[in-house]
file upload_28.csv (CSV, C-alpha atoms)
chain,number,residue,atom,x,y,z
A,264,MET,CA,0.0,0.0,0.0
A,265,THR,CA,1.2,3.5,-0.7
A,266,SER,CA,2.5,5.6,2.2
A,267,TRP,CA,1.1,9.0,1.0
A,268,PHE,CA,-2.2,10.7,0.3
A,269,SER,CA,-2.9,14.3,-0.7
A,270,ASN,CA,-6.0,16.2,-1.7
A,271,PRO,CA,-5.3,19.9,-1.4
A,272,SER,CA,-8.9,20.7,-2.4
A,273,ASP,CA,-10.0,19.5,1.1
A,274,ARG,CA,-8.7,22.8,2.5
A,275,ARG,CA,-11.8,24.4,0.8
A,276,TRP,CA,-14.3,22.2,2.7
A,277,SER,CA,-16.1,23.8,5.7
A,278,SER,CA,-17.2,21.9,8.7
A,279,THR,CA,-20.7,22.8,10.1
A,280,ALA,CA,-19.8,21.5,13.6
A,281,ALA,CA,-20.4,24.0,16.4
A,282,PRO,CA,-17.4,25.0,18.5
A,283,PRO,CA,-17.4,22.8,21.7
A,284,SER,CA,-17.0,25.7,24.1
A,285,ALA,CA,-18.7,23.9,27.0
A,286,ALA,CA,-16.0,21.2,27.1
A,287,ARG,CA,-13.3,23.9,27.3
A,288,ASP,CA,-15.2,25.6,30.1
A,289,PHE,CA,-15.5,22.3,32.0
A,290,HIS,CA,-11.7,21.6,31.6
A,291,ARG,CA,-11.0,25.0,33.2
A,292,THR,CA,-12.8,23.8,36.4
A,293,LEU,CA,-10.6,20.7,36.8
A,294,ALA,CA,-7.9,20.7,39.4
A,295,GLY,CA,-4.5,21.2,37.7
A,296,TYR,CA,-5.8,22.5,34.4
A,297,ALA,CA,-3.4,24.6,32.5
A,298,PRO,CA,-2.6,24.8,28.8
A,299,THR,CA,0.2,22.4,27.9
A,300,PRO,CA,3.5,23.8,26.5
A,301,LEU,CA,4.1,24.8,22.9
A,302,ILE,CA,7.9,24.4,22.5
A,303,ASP,CA,9.8,26.2,19.8
A,304,LEU,CA,12.4,24.0,18.0
A,305,PRO,CA,14.4,26.3,15.7
A,306,ASP,CA,17.0,23.7,14.7
A,307,LEU,CA,14.2,21.4,13.4
A,308,ALA,CA,12.8,24.4,11.5
A,309,ALA,CA,16.2,24.8,9.8
A,310,GLU,CA,16.3,21.1,9.1
A,311,LEU,CA,12.9,21.1,7.4
A,312,GLY,CA,13.3,24.4,5.6
A,313,VAL,CA,10.3,26.2,7.3
A,314,GLY,CA,9.9,29.3,9.4
A,315,ARG,CA,9.1,27.7,12.8
A,316,VAL,CA,8.5,24.2,14.2
A,317,LEU,CA,6.7,23.9,17.5
A,318,VAL,CA,5.7,20.8,19.4
A,319,LYS,CA,2.5,20.7,21.5
A,320,ASP,CA,3.7,18.7,24.5
A,321,GLU,CA,1.0,16.6,26.0
A,322,SER,CA,3.3,14.6,28.3
A,323,ALA,CA,1.7,16.1,31.5
A,324,ARG,CA,-2.0,16.8,31.0
A,325,LEU,CA,-4.2,17.0,34.1
A,326,GLY,CA,-1.9,14.6,36.0
A,327,LEU,CA,-1.6,12.0,33.3
A,328,PRO,CA,1.1,11.6,30.6
A,329,ALA,CA,-1.2,11.9,27.6
A,330,PHE,CA,-3.9,14.1,26.0
A,331,LYS,CA,-6.7,11.4,26.4
A,332,ILE,CA,-8.0,12.8,29.7
A,333,LEU,CA,-9.4,15.8,27.8
A,334,GLY,CA,-11.9,13.6,25.9
A,335,ALA,CA,-12.4,11.1,28.6
A,336,SER,CA,-13.2,13.6,31.3
A,337,TRP,CA,-15.8,15.4,29.3
A,338,ALA,CA,-17.5,12.2,28.0
A,339,CYS,CA,-17.5,10.6,31.5
A,340,LYS,CA,-19.1,13.7,33.0
A,341,GLN,CA,-21.8,13.7,30.3
A,342,ALA,CA,-22.4,10.0,30.5
A,343,LEU,CA,-22.8,10.0,34.3
A,344,GLU,CA,-25.2,12.9,34.2
A,345,ARG,CA,-27.5,10.7,32.1
A,346,CYS,CA,-26.8,7.5,34.1
A,347,PRO,CA,-25.7,8.3,37.6
A,348,GLY,CA,-23.6,5.7,39.4
A,349,ALA,CA,-23.0,3.6,36.3
A,350,ARG,CA,-20.0,1.4,35.8
A,351,LEU,CA,-17.8,3.0,33.1
A,352,VAL,CA,-16.7,0.5,30.4
A,353,THR,CA,-14.2,1.0,27.5
A,354,ALA,CA,-11.6,-0.7,25.4
A,355,THR,CA,-8.1,0.7,25.0
A,356,ASP,CA,-4.5,0.5,23.7
A,357,GLY,CA,-3.4,2.3,26.9
A,358,ASN,CA,-3.9,6.0,27.5
A,359,HIS,CA,-7.7,6.3,26.9
A,360,GLY,CA,-8.4,3.4,29.3
A,361,ARG,CA,-6.2,4.9,31.9
A,362,ALA,CA,-8.0,8.2,31.5
A,363,VAL,CA,-11.4,6.6,31.9
A,364,ALA,CA,-10.2,4.7,34.9
A,365,ARG,CA,-8.9,7.9,36.5
A,366,MET,CA,-12.2,9.7,35.9
A,367,ALA,CA,-14.1,6.8,37.4
A,368,ARG,CA,-12.0,7.0,40.5
A,369,GLU,CA,-12.4,10.7,40.8
A,370,LEU,CA,-16.2,10.6,40.2
A,371,GLY,CA,-16.7,7.7,42.7
A,372,VAL,CA,-17.8,5.0,40.3
A,373,THR,CA,-16.3,1.7,39.0
A,374,ALA,CA,-14.7,1.0,35.7
A,375,THR,CA,-13.9,-2.1,33.6
A,376,ILE,CA,-11.3,-1.7,30.9
A,377,PHE,CA,-10.9,-4.2,28.0
A,378,VAL,CA,-7.4,-4.5,26.5
A,379,PRO,CA,-6.0,-6.4,23.5
A,380,ALA,CA,-3.8,-9.4,23.9
A,381,VAL,CA,-0.6,-7.6,22.8
A,382,MET,CA,-0.8,-5.0,25.6
A,383,PRO,CA,2.3,-5.1,27.8
A,384,GLU,CA,1.8,-6.1,31.4
A,385,SER,CA,3.3,-2.8,32.5
A,386,THR,CA,0.6,-0.8,30.6
A,387,ALA,CA,-2.2,-2.9,32.0
A,388,ALA,CA,-0.7,-2.4,35.5
A,389,LEU,CA,-0.9,1.4,35.1
A,390,ILE,CA,-4.6,1.1,34.3
A,391,GLU,CA,-5.2,-1.1,37.3
A,392,SER,CA,-3.3,1.4,39.5
A,393,GLU,CA,-6.2,3.8,38.9
A,394,GLY,CA,-8.6,1.3,40.5
A,395,ALA,CA,-10.1,-0.2,37.4
A,396,GLU,CA,-10.7,-3.8,36.5
A,397,VAL,CA,-8.7,-4.9,33.5
A,398,VAL,CA,-10.0,-7.6,31.1
A,399,ARG,CA,-7.6,-8.9,28.5
A,400,VAL,CA,-9.2,-10.3,25.3
A,401,ASP,CA,-7.8,-12.9,23.0
A,402,GLY,CA,-7.5,-10.5,20.0
A,403,ASP,CA,-6.6,-7.1,18.7
A,404,TYR,CA,-7.9,-3.6,19.6
A,405,ASP,CA,-10.9,-4.0,17.4
A,406,GLU,CA,-11.8,-7.2,19.2
A,407,ALA,CA,-11.4,-5.4,22.6
A,408,VAL,CA,-13.8,-2.8,21.4
A,409,ARG,CA,-16.4,-5.4,20.4
A,410,SER,CA,-16.0,-7.1,23.8
A,411,ALA,CA,-16.4,-3.8,25.7
A,412,ALA,CA,-19.5,-3.0,23.7
A,413,THR,CA,-21.0,-6.4,24.4
A,414,TYR,CA,-20.3,-6.1,28.1
A,415,ALA,CA,-21.6,-2.6,28.4
A,416,ASP,CA,-24.8,-3.8,26.6
A,417,GLY,CA,-25.5,-6.3,29.4
A,418,GLY,CA,-23.3,-9.2,28.2
A,419,GLY,CA,-21.3,-11.2,30.7
A,420,ALA,CA,-17.5,-11.1,30.9
A,421,HIS,CA,-14.8,-13.2,32.5
A,422,GLY,CA,-17.3,-15.6,34.1
A,423,GLN,CA,-19.8,-12.9,35.2
A,424,PRO,CA,-23.4,-13.8,34.4
A,425,PRO,CA,-25.0,-11.4,31.9
A,426,GLY,CA,-27.0,-8.5,33.3
A,427,THR,CA,-25.5,-8.6,36.8
A,428,GLY,CA,-24.0,-5.8,38.8
A,429,SER,CA,-24.5,-2.0,38.4
A,430,PRO,CA,-25.7,-0.3,35.2
A,431,ARG,CA,-22.9,0.0,32.6
A,432,VAL,CA,-22.1,2.8,30.1
A,433,LEU,CA,-19.7,2.5,27.3
A,434,VAL,CA,-17.2,5.4,27.0
A,435,GLN,CA,-15.5,4.5,23.8
A,436,ASP,CA,-13.3,6.8,21.7
A,437,THR,CA,-14.3,5.3,18.4
A,438,ALA,CA,-17.8,5.3,16.8
A,439,TRP,CA,-19.9,3.0,14.6
A,440,PRO,CA,-23.5,3.3,13.3
A,441,GLY,CA,-25.8,3.6,16.3
A,442,TYR,CA,-23.0,4.6,18.7
A,443,GLU,CA,-21.9,8.2,18.0
A,444,GLU,CA,-23.0,10.4,20.8
A,445,VAL,CA,-20.3,9.5,23.3
A,446,PRO,CA,-17.5,9.5,20.8
A,447,GLN,CA,-18.6,13.0,19.8
A,448,TRP,CA,-18.3,14.1,23.4
A,449,ILE,CA,-14.8,12.8,23.4
A,450,VAL,CA,-14.0,14.7,20.1
A,451,ASP,CA,-15.4,17.8,21.7
A,452,GLY,CA,-13.0,17.4,24.7
A,453,TYR,CA,-10.0,17.0,22.4
A,454,ALA,CA,-10.7,20.4,20.8
A,455,THR,CA,-9.4,22.1,23.9
A,456,LEU,CA,-5.8,21.4,23.0
A,457,VAL,CA,-6.2,22.8,19.4
A,458,GLU,CA,-7.7,26.0,20.8
A,459,GLU,CA,-4.7,26.3,23.1
A,460,VAL,CA,-2.4,26.1,20.1
A,461,ASP,CA,-4.0,29.0,18.3
A,462,GLU,CA,-4.1,31.1,21.5
A,463,ALA,CA,-0.4,30.5,22.1
A,464,LEU,CA,0.6,31.3,18.5
A,465,GLY,CA,-1.8,34.2,18.1
A,466,ARG,CA,-2.7,32.8,14.7
A,467,GLN,CA,-3.4,29.5,13.0
A,468,PRO,CA,-0.4,27.3,11.9
A,469,ASP,CA,0.3,26.6,8.3
A,470,LEU,CA,0.7,22.9,8.9
A,471,PHE,CA,-0.7,20.9,11.8
A,472,ALA,CA,0.6,17.3,12.1
A,473,VAL,CA,-1.6,14.9,14.1
A,474,PRO,CA,-1.1,11.2,15.0
A,475,VAL,CA,-4.0,9.0,14.0
A,476,GLY,CA,-5.4,5.8,15.6
A,477,VAL,CA,-9.2,5.5,14.9
A,478,GLY,CA,-9.2,9.2,13.8
A,479,SER,CA,-11.1,10.9,16.6
A,480,LEU,CA,-8.3,13.3,17.5
A,481,ALA,CA,-7.7,14.1,13.8
A,482,GLN,CA,-11.5,14.7,13.5
A,483,ALA,CA,-11.2,17.4,16.2
A,484,VAL,CA,-8.3,19.0,14.5
A,485,VAL,CA,-9.8,19.0,11.0
A,486,ALA,CA,-13.2,20.3,12.3
A,487,HIS,CA,-11.4,23.1,14.2
A,488,TYR,CA,-9.5,24.3,11.2
A,489,ARG,CA,-12.4,23.9,8.7
A,490,ARG,CA,-15.1,25.2,10.9
A,491,GLY,CA,-17.7,27.0,8.8
A,492,ARG,CA,-16.0,30.4,8.5
A,493,LEU,CA,-13.3,31.9,6.4
A,494,PRO,CA,-10.2,32.9,8.4
A,495,HIS,CA,-8.8,36.4,8.0
A,496,GLU,CA,-6.2,35.2,5.5
A,497,ALA,CA,-8.9,33.8,3.2
A,498,ARG,CA,-11.2,35.8,0.9
A,499,ARG,CA,-14.1,35.0,-1.4
A,500,ASP,CA,-13.5,35.0,-5.1
A,501,GLY,CA,-15.9,37.7,-6.3
A,502,ALA,CA,-16.4,36.0,-9.7
A,503,ALA,CA,-16.9,32.4,-8.6
A,504,GLY,CA,-18.2,33.0,-5.1
A,505,ALA,CA,-16.3,30.0,-3.8
A,506,PRO,CA,-14.2,30.2,-0.7
A,507,THR,CA,-10.4,30.2,-1.1
A,508,ALA,CA,-8.4,27.6,0.9
A,509,TYR,CA,-8.1,27.7,4.6
A,510,PRO,CA,-4.5,28.4,5.7
A,511,THR,CA,-4.0,25.3,7.8
A,512,ARG,CA,-2.9,22.0,6.2
A,513,VAL,CA,-3.8,19.0,8.3
A,514,LEU,CA,-1.4,16.1,8.0
A,515,ALA,CA,-2.5,12.7,9.5
A,516,VAL,CA,0.3,10.4,10.6
A,517,GLU,CA,-0.1,6.7,11.1
A,518,PRO,CA,2.1,3.6,11.6
A,519,ASP,CA,2.8,1.8,8.3
A,520,THR,CA,1.4,-1.3,9.9
A,521,ALA,CA,-2.0,0.2,11.0
A,522,ALA,CA,-2.9,2.9,8.4
A,523,CYS,CA,-6.7,2.5,8.4
A,524,VAL,CA,-7.3,6.2,7.7
A,525,LEU,CA,-4.8,6.4,4.8
A,526,ALA,CA,-6.3,3.3,3.3
A,527,SER,CA,-9.8,4.7,3.6
A,528,LEU,CA,-8.8,8.0,2.1
A,529,HIS,CA,-7.3,6.2,-0.9
A,530,ASP,CA,-10.3,3.9,-1.3
A,531,GLY,CA,-12.9,6.7,-0.7
A,532,ARG,CA,-14.7,4.6,1.9
A,533,PRO,CA,-13.9,3.2,5.3
A,534,THR,CA,-11.4,0.4,4.9
A,535,SER,CA,-10.2,-1.8,7.7
A,536,VAL,CA,-6.6,-3.1,7.8
A,537,PRO,CA,-4.8,-5.8,9.8
A,538,THR,CA,-2.8,-4.5,12.8
A,539,PRO,CA,0.4,-6.4,13.7
A,540,ASP,CA,2.3,-5.1,16.7
A,541,THR,CA,4.0,-1.7,16.6
A,542,VAL,CA,5.9,0.5,19.1
A,543,MET,CA,3.1,3.1,18.4
A,544,ALA,CA,0.7,1.1,20.5
A,545,GLY,CA,-1.9,3.9,20.8
A,546,LEU,CA,-2.1,4.2,17.1
A,547,ASN,CA,-2.4,0.4,16.5
A,548,CYS,CA,-6.0,0.6,15.2
A,549,GLY,CA,-7.4,-1.1,12.2
A,550,THR,CA,-10.8,0.6,11.7
A,551,VAL,CA,-11.6,4.3,11.3
A,552,SER,CA,-14.3,5.7,13.5
A,553,SER,CA,-17.6,6.1,11.6
A,554,LEU,CA,-18.0,9.5,13.2
A,555,ALA,CA,-14.5,10.7,12.2
A,556,TRP,CA,-14.7,9.4,8.7
A,557,PRO,CA,-16.8,12.0,6.9
A,558,THR,CA,-14.8,14.8,8.4
A,559,LEU,CA,-11.4,13.2,7.5
A,560,ARG,CA,-12.7,12.3,4.0
A,561,ASP,CA,-13.8,15.8,3.2
A,562,GLY,CA,-11.3,18.0,5.2
A,563,CYS,CA,-8.0,16.2,5.8
A,564,ASP,CA,-5.8,17.2,2.9
A,565,ALA,CA,-2.7,14.9,3.6
A,566,ALA,CA,-1.8,11.6,5.2
A,567,VAL,CA,1.4,9.8,5.6
A,568,THR,CA,2.7,6.6,7.2
A,569,VAL,CA,5.9,6.1,9.3
A,570,THR,CA,7.9,3.1,10.4
A,571,ASP,CA,8.6,2.1,14.0
A,572,GLU,CA,12.3,3.0,13.4
A,573,ALA,CA,11.4,6.5,12.3
A,574,ALA,CA,9.1,7.1,15.2
A,575,LEU,CA,11.7,5.9,17.7
A,576,SER,CA,14.3,8.1,16.1
A,577,ALA,CA,11.9,11.1,16.3
A,578,SER,CA,11.2,10.3,20.0
A,579,ARG,CA,14.9,10.4,20.8
A,580,ASP,CA,15.3,13.7,18.8
A,581,LEU,CA,12.5,15.4,20.7
A,582,ALA,CA,13.8,14.1,24.1
A,583,ALA,CA,17.2,15.7,23.3
A,584,ARG,CA,15.4,19.0,22.8
A,585,GLY,CA,13.5,18.9,26.1
A,586,ALA,CA,10.2,17.5,24.8
A,587,SER,CA,9.2,14.2,26.4
A,588,SER,CA,7.5,12.2,23.7
A,589,GLY,CA,6.7,8.5,23.2
A,590,PRO,CA,6.6,6.9,19.8
A,591,CYS,CA,3.0,7.8,19.2
A,592,GLY,CA,3.5,11.5,19.9
A,593,ALA,CA,6.9,11.6,18.1
A,594,ALA,CA,5.2,10.0,15.0
A,595,THR,CA,4.3,13.6,14.0
A,596,LEU,CA,7.9,14.6,13.7
A,597,ALA,CA,8.6,11.5,11.7
A,598,GLY,CA,5.6,12.2,9.5
A,599,VAL,CA,6.6,15.8,8.8
A,600,ARG,CA,10.1,14.7,7.9
A,601,ALA,CA,8.6,12.1,5.5
A,602,ALA,CA,6.4,14.8,3.9
A,603,LEU,CA,8.8,17.7,3.7
A,604,THR,CA,12.0,15.9,2.6
A,605,ASP,CA,10.2,14.5,-0.5
A,606,PRO,CA,9.9,17.2,-3.2
A,607,SER,CA,6.6,16.0,-4.6
A,608,ARG,CA,5.0,15.7,-1.2
A,609,ARG,CA,6.3,19.1,-0.2
A,610,ALA,CA,4.8,20.5,-3.4
A,611,ASP,CA,1.4,18.9,-2.6
A,612,LEU,CA,1.4,20.8,0.7
A,613,ASP,CA,2.3,24.1,-0.9
A,614,LEU,CA,3.6,25.7,2.3
A,615,PRO,CA,4.8,29.3,2.4
A,616,ARG,CA,8.5,29.8,2.8
A,617,ASP,CA,8.1,31.0,6.4
A,618,ALA,CA,5.6,28.3,7.3
A,619,VAL,CA,4.7,27.7,11.0
A,620,VAL,CA,4.5,23.9,11.6
A,621,VAL,CA,2.9,22.4,14.8
A,622,LEU,CA,3.7,18.8,15.8
A,623,LEU,CA,1.1,17.4,18.2
A,624,SER,CA,2.9,15.1,20.6
A,625,THR,CA,0.1,13.2,22.3
A,626,GLU,CA,2.0,11.3,25.0
A,627,GLY,CA,5.1,11.4,27.1
A,628,LEU,CA,7.9,8.8,27.2
A,629,ASP,CA,6.4,7.2,30.3
A,630,SER,CA,2.8,7.0,29.1
A,631,ALA,CA,0.6,3.9,29.2
call {"tool": "encode", "arguments": {"input": "upload_28.csv", "output": "structure tokens"}}
result
Amino acid sequence: MTSWFSNPSDRRWSSTAAPPSAARDFHRTLAGYAPTPLIDLPDLAAELGVGRVLVKDESARLGLPAFKILGASWACKQALERCPGARLVTATDGNHGRAVARMARELGVTATIFVPAVMPESTAALIESEGAEVVRVDGDYDEAVRSAATYADGGGAHGQPPGTGSPRVLVQDTAWPGYEEVPQWIVDGYATLVEEVDEALGRQPDLFAVPVGVGSLAQAVVAHYRRGRLPHEARRDGAAGAPTAYPTRVLAVEPDTAACVLASLHDGRPTSVPTPDTVMAGLNCGTVSSLAWPTLRDGCDAAVTVTDEAALSASRDLAARGASSGPCGAATLAGVRAALTDPSRRADLDLPRDAVVVLLSTEGLDSA
């Protein structure tokens, strides 16, 4: 399969999604909330031939080493308002499950977290340390999601009879037909970090690189930068009446072993892919979220895959520059390198000479 996709016309698409201001207001009420750092890396800007490179460092977000708590906190709050006292249920590759477990503990409810067979024991232990019950399934992430959904719907698990215990509510960060409200709350929660980027810069970036698992975070990024208005840089063509392109190019970055979004973009429809093991565990997802797909199809103008080796090298490079970033987060640096060092890909992105590039580093080195 090819490792690159580009459709620059997607920068002319406008999202009709409303700004999720309530989620940002809620995050401001949480103990320890503060915008995470946006770190300037001038030597990487010189390496890549752009004006500025900055990394949005999510290695310490609300007491956890990853961004996932933004979506999980808002979704858990909404879910428990509708079903007070319910057991929270989810499937995870690591950070999302730990975030749901943390919120369950803080909100005084229980949590059951389903995890794939390949999850390291150390990662499962971090989730258990939050007080959650961890159930390991004999399968991949997609199988863990199916098991969590069945359990939340009243099915039994690990010997428990069906329908016993407290009410259960699924807080999953991927969507499928008939299950889209909770994933949308999670996407709304993620928008907080994108708003922080624009506020710190005082403008929108020219290129925003986002790591992709099922696509929910990328959905939040694309919706933000294509949200139903023309930015001050854009104008309407008086003759044609069509909007000119939004200034921000969104680059989706995936492991070359789990590139479900890139495959879907190429095929023009949701396409599942097999997911062998990768060091980018949080991105090891084989099926794009049904909620994210229309937004990514219409508004994400570039996608690239990276190898484990490239992600690990990028992680070391960011650490040497003071940014704690695990392979999932550092994948964005690897992806931008793969995009901007290739002349044809760089031409597809059509960046200005003084381009401002933001790398979203979603997790720290010690994340789940």
call {"tool": "residues_around", "arguments": {"input": "upload_28.csv", "residues": "segment 582-597 of chain A", "least_positions_apart": "5", "cutoff": "9 Å", "atoms": "all atoms listed in the file", "output": "compact mmCIF listing (two decimals) with C-alpha atoms, keeping the file's coordinate frame"}}
result
# COMPACT_ATOMS: atom_id res chain seq x y z
CA ILE A 302 7.90 24.40 22.50
CA LEU A 304 12.40 24.00 18.00
CA VAL A 318 5.70 20.80 19.40
CA LYS A 319 2.50 20.70 21.50
CA ASP A 320 3.70 18.70 24.50
CA GLU A 321 1.00 16.60 26.00
CA SER A 322 3.30 14.60 28.30
CA ALA A 472 0.60 17.30 12.10
CA VAL A 473 -1.60 14.90 14.10
CA PRO A 474 -1.10 11.20 15.00
CA VAL A 475 -4.00 9.00 14.00
CA LEU A 514 -1.40 16.10 8.00
CA ALA A 515 -2.50 12.70 9.50
CA VAL A 516 0.30 10.40 10.60
CA GLU A 517 -0.10 6.70 11.10
CA PRO A 518 2.10 3.60 11.60
CA VAL A 542 5.90 0.50 19.10
CA MET A 543 3.10 3.10 18.40
CA ALA A 544 0.70 1.10 20.50
CA GLY A 545 -1.90 3.90 20.80
CA LEU A 546 -2.10 4.20 17.10
CA THR A 568 2.70 6.60 7.20
CA VAL A 569 5.90 6.10 9.30
CA THR A 570 7.90 3.10 10.40
CA ASP A 571 8.60 2.10 14.00
CA ALA A 573 11.40 6.50 12.30
CA ALA A 574 9.10 7.10 15.20
CA LEU A 575 11.70 5.90 17.70
CA SER A 576 14.30 8.10 16.10
CA ALA A 577 11.90 11.10 16.30
CA ALA A 602 6.40 14.80 3.90
CA VAL A 621 2.90 22.40 14.80
CA LEU A 622 3.70 18.80 15.80
CA LEU A 623 1.10 17.40 18.20
CA SER A 624 2.90 15.10 20.60
CA THR A 625 0.10 13.20 22.30
CA GLU A 626 2.00 11.30 25.00
CA GLY A 627 5.10 11.40 27.10
CA LEU A 628 7.90 8.80 27.20
CA ASP A 629 6.40 7.20 30.30
CA SER A 630 2.80 7.00 29.10
call {"tool": "closest_residue", "arguments": {"input": "upload_28.csv", "among": "A:Thr292, A:Ser535, A:Asn547, A:Ser552", "to": "Asp356 of chain A", "atoms": "all atoms listed in the file"}}
result
A:Asn547
call {"tool": "residues_around", "arguments": {"input": "upload_28.csv", "residues": "Cys346 of chain A", "least_positions_apart": "6", "cutoff": "10 Å", "atoms": "all atoms listed in the file", "output": "PDB file with C-alpha atoms, keeping the file's coordinate frame"}}
result
ATOM      1  CA  LYS A 340     -19.100  13.700  33.000  1.00  0.00           C
ATOM      2  CA  PRO A 430     -25.700  -0.300  35.200  1.00  0.00           C
ATOM      3  CA  ARG A 431     -22.900   0.000  32.600  1.00  0.00           C
ATOM      4  CA  VAL A 432     -22.100   2.800  30.100  1.00  0.00           C
TER       5      VAL A 432
END
call {"tool": "residues_around", "arguments": {"input": "upload_28.csv", "residues": "Pro615 of chain A", "least_positions_apart": "2", "cutoff": "12 Å", "atoms": "all atoms listed in the file", "output": "PyMOL selection string"}}
result
chain A and resi 312-315+468-470+510-512+609-610+612-613+617-620
call {"tool": "write_last_selection", "arguments": {"input": "upload_28.csv", "atoms": "C-alpha atoms", "output": "tab-separated table (two decimals), keeping the file's coordinate frame"}}
result
chain	number	residue	atom	x	y	z
A	312	GLY	CA	13.30	24.40	5.60
A	313	VAL	CA	10.30	26.20	7.30
A	314	GLY	CA	9.90	29.30	9.40
A	315	ARG	CA	9.10	27.70	12.80
A	468	PRO	CA	-0.40	27.30	11.90
A	469	ASP	CA	0.30	26.60	8.30
A	470	LEU	CA	0.70	22.90	8.90
A	510	PRO	CA	-4.50	28.40	5.70
A	511	THR	CA	-4.00	25.30	7.80
A	512	ARG	CA	-2.90	22.00	6.20
A	609	ARG	CA	6.30	19.10	-0.20
A	610	ALA	CA	4.80	20.50	-3.40
A	612	LEU	CA	1.40	20.80	0.70
A	613	ASP	CA	2.30	24.10	-0.90
A	617	ASP	CA	8.10	31.00	6.40
A	618	ALA	CA	5.60	28.30	7.30
A	619	VAL	CA	4.70	27.70	11.00
A	620	VAL	CA	4.50	23.90	11.60
call {"tool": "closest_residue", "arguments": {"input": "upload_28.csv", "among": "A:Glu572, A:Asp540, A:Asp451, A:Asp561", "to": "Val513 of chain A", "atoms": "all atoms listed in the file"}}
result
A:Asp561
call {"tool": "closest_residue", "arguments": {"input": "upload_28.csv", "among": "A:Ser553, A:Thr520, A:Asn358, A:Ser429", "to": "Arg532 of chain A", "atoms": "only C-alpha atoms"}}
result
A:Ser553
call {"tool": "atom_distance", "arguments": {"input": "upload_28.csv", "atom1": "atom CA of Val372 of chain A", "atom2": "atom CA of Gly394 of chain A"}}
result
9.9 Å
call {"tool": "residues_around", "arguments": {"input": "upload_28.csv", "residues": "Ala526 of chain A", "least_positions_apart": "4", "cutoff": "12 Å", "atoms": "all atoms listed in the file", "output": "VMD selection string"}}
result
chain A and resid 264 to 268 515 517 to 522 530 to 537 549 to 551 556 559 to 560 566 to 568
call {"tool": "closest_residue", "arguments": {"input": "upload_28.csv", "among": "A:Arg409, A:Arg600, A:Arg365, A:His487", "to": "Trp276 of chain A", "atoms": "all atoms listed in the file"}}
result
A:His487
call {"tool": "atom_distance", "arguments": {"input": "upload_28.csv", "atom1": "atom CA of Leu456 of chain A", "atom2": "atom CA of Ala565 of chain A"}}
result
20.7 Å
call {"tool": "closest_residue", "arguments": {"input": "upload_28.csv", "among": "A:Gly295, A:Glu384, A:Gly417, A:Ala280", "to": "Arg350 of chain A", "atoms": "only C-alpha atoms"}}
result
A:Gly417
call {"tool": "atom_distance", "arguments": {"input": "upload_28.csv", "atom1": "atom CA of Val457 of chain A", "atom2": "atom CA of Leu554 of chain A"}}
result
18.8 Å
call {"tool": "residues_around", "arguments": {"input": "upload_28.csv", "residues": "Thr355 of chain A", "least_positions_apart": "2", "cutoff": "8 Å", "atoms": "only C-alpha atoms", "output": "list in words"}}
result
Thr353, Gly357, Asn358, His359, Gly360, Ile376, Phe377, Val378, Pro379, Tyr404, Ala407 and Val408 of chain A
call {"tool": "closest_residue", "arguments": {"input": "upload_28.csv", "among": "A:Ser278, A:Ser269, A:Ser392, A:Thr455", "to": "Arg361 of chain A", "atoms": "all atoms listed in the file"}}
result
A:Ser392
